[in-house]
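Visitor: Dumping the structure here so I can ask a few things about it.
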Amino acid sequence: MKKVVLITGASAGIGKETAAFLQKNGYIVYGAARRADRLKELEQLGVKTLAMDVTDDASMVKGIQDIIAAEGRLDILVNNAGFGSYGAVEDVTIEDARYQLEVNVFGAARLIQLALPYMRKQRFGKIVNISSIGGKFATPFGGWYHASKFAIEGLSDSLRNEVKSFGVDVIVIEPGGIKTEWGDIAMDSMRKVSGDTAYKNLVAKMDNSFKEIEDKIPGPELIANLIKKAIEAKKPKARYAAGYMAKPVLFLRRLLSDGLMDKVIMSRMK
Ligand SMILES: NC(=O)c1ccc[n+]([C@@H]2O[C@H](COP(=O)([O-])OP(=O)(O)OC[C@H]3O[C@@H](n4cnc5c(N)ncnc54)[C@H](OP(=O)(O)O)[C@@H]3O)[C@@H](O)[C@H]2O)c1
């Protein structure tokens, strides 16, 4: 029987690539996003699309209901929708910080709540939470983004052992740098929020450090492949990492003291 997958943030980047890749590989794929016009290409490939804003409870409830009504089940949830609300902690408004957590954390958590009753009943399910290597270490100006991804890491660890006995696996994906729209959105936010404040000199350095790596970053197909590998593993690992600098950075974070890690991070801001 074909497995039914819901992927949020399917209008661009990792979500779009994963939706197309899983569709090609025999899954029944539902791709969700706010920008319905950006889902047309996936529709042409046979992906079923849903207009969903992960900060709007009614749209999430309706999305899950529509999938259950059409397929009778939901096997895999990929919580991928997310963005970086960058700027100095002093400068980002608390309203924007709340919105960051609404999208990156509460949206994912609410979909998990909505999917779990069906997954438990089926005694089968895979919840894939797209975190980041930024869920394990933090750079300047990403404070709220990192807070959201550290939260996803902890939430996933709690959830994993709550739902294991129901046949549901929880898998964290930790991408390193991946070429998508994410970088421009985060850097635009950083420049807009802190480009002209007490932090402007460090903002310029951070901007440069992002520009320097642009050509070295792999495309989202790397993560699409990793997600497929993770959901098809008999005994999936708790975490999978791939992408620019993912493995070395995670290794260094485990190895180094906080002080040395700070030195490594700040040495890149020239
Ligand atoms: N690219 C990287 O280097 C990188 C590294 C580590 C982790 N990640 C994570 O990977 C995930 C995917 O990001 P990406 O790199 O593919 O970025 P992207 O190209 O900007 O795509 C982000 C997706 O999230 C959706 N989204 C944003 N806000 C939303 C909302 N309120 N409701 C529903 N959907 C929303 C967007 O769709 P709409 O705007 O149409 O709704 C879009 O489809 C994110 O969680 C990101 O934090 C990315």
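If you're wondering about the labels, chains in the structure tokens are A, B, ... by order shown, residues count from 1 in each chain, ligands from 1 in order shown.
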Counting only C-alpha atoms and all ligand atoms, name the residues that have an atom within 8 Å of an atom of ligand 1; the answer should be given as a PyMOL selection string.

Guide: chain A and resi 8-16+32-36+38+52-56+79-84+102-104+107+130-134+145+149+174-183+185+220+243

Visitor: Per DSSP on the backbone, filter segment 18-105 of chain A down to the residues in helix (DSSP H, G or I) and report them as a VMD selection string.

Guide: chain A and resid 18 to 24 36 to 44 57 to 71 94 to 105

Visitor: Counting only C-alpha atoms, what is within 7 Å of Ser148 of chain A, bar same-chain residues fewer than 2 positions away, as a PyMOL selection string?

Guide: chain A and resi 101+104-105+144-146+150-152

Visitor: Export C-alpha atoms of the chosen residues as a PDB file, in the first residue's frame?

Guide:
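Final file, part.pdb:
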```
ATOM      1  CA  LEU A 101       8.152  30.437  17.302  1.00  0.00           C
ATOM      2  CA  ASN A 104       8.843  27.055  13.440  1.00  0.00           C
ATOM      3  CA  VAL A 105       7.654  25.432  16.685  1.00  0.00           C
ATOM      4  CA  TRP A 144      15.112  33.514  17.777  1.00  0.00           C
ATOM      5  CA  TYR A 145      15.737  31.139  14.890  1.00  0.00           C
ATOM      6  CA  HIS A 146      18.094  29.095  17.054  1.00  0.00           C
ATOM      7  CA  PHE A 150      16.691  24.155  19.892  1.00  0.00           C
ATOM      8  CA  ALA A 151      13.014  23.873  20.892  1.00  0.00           C
ATOM      9  CA  ILE A 152      12.286  21.471  18.028  1.00  0.00           C
TER      10      ILE A 152
END
```

Visitor: Using only C-alpha atoms, find the one residue out of A:Pro236, A:Gly195, A:Gly142, A:Gly135 that sits nearest to Val170 of chain A.

Guide: A:Pro236

Visitor: What separation in Å, quoted to one decimal, exists between atom CA of Asn161 of chain A and atom CA of Ala242 of chain A?

Guide: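 Calculated distance between atom CA of Asn161 of chain A and atom CA of Ala242 of chain A is 24.2 Å.
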
Visitor: Please compute the atom CA of Met206 of chain A-atom CA of Met269 of chain A distance, one decimal, in Å.

Guide: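 These two atoms are separated by 5.5 Å.
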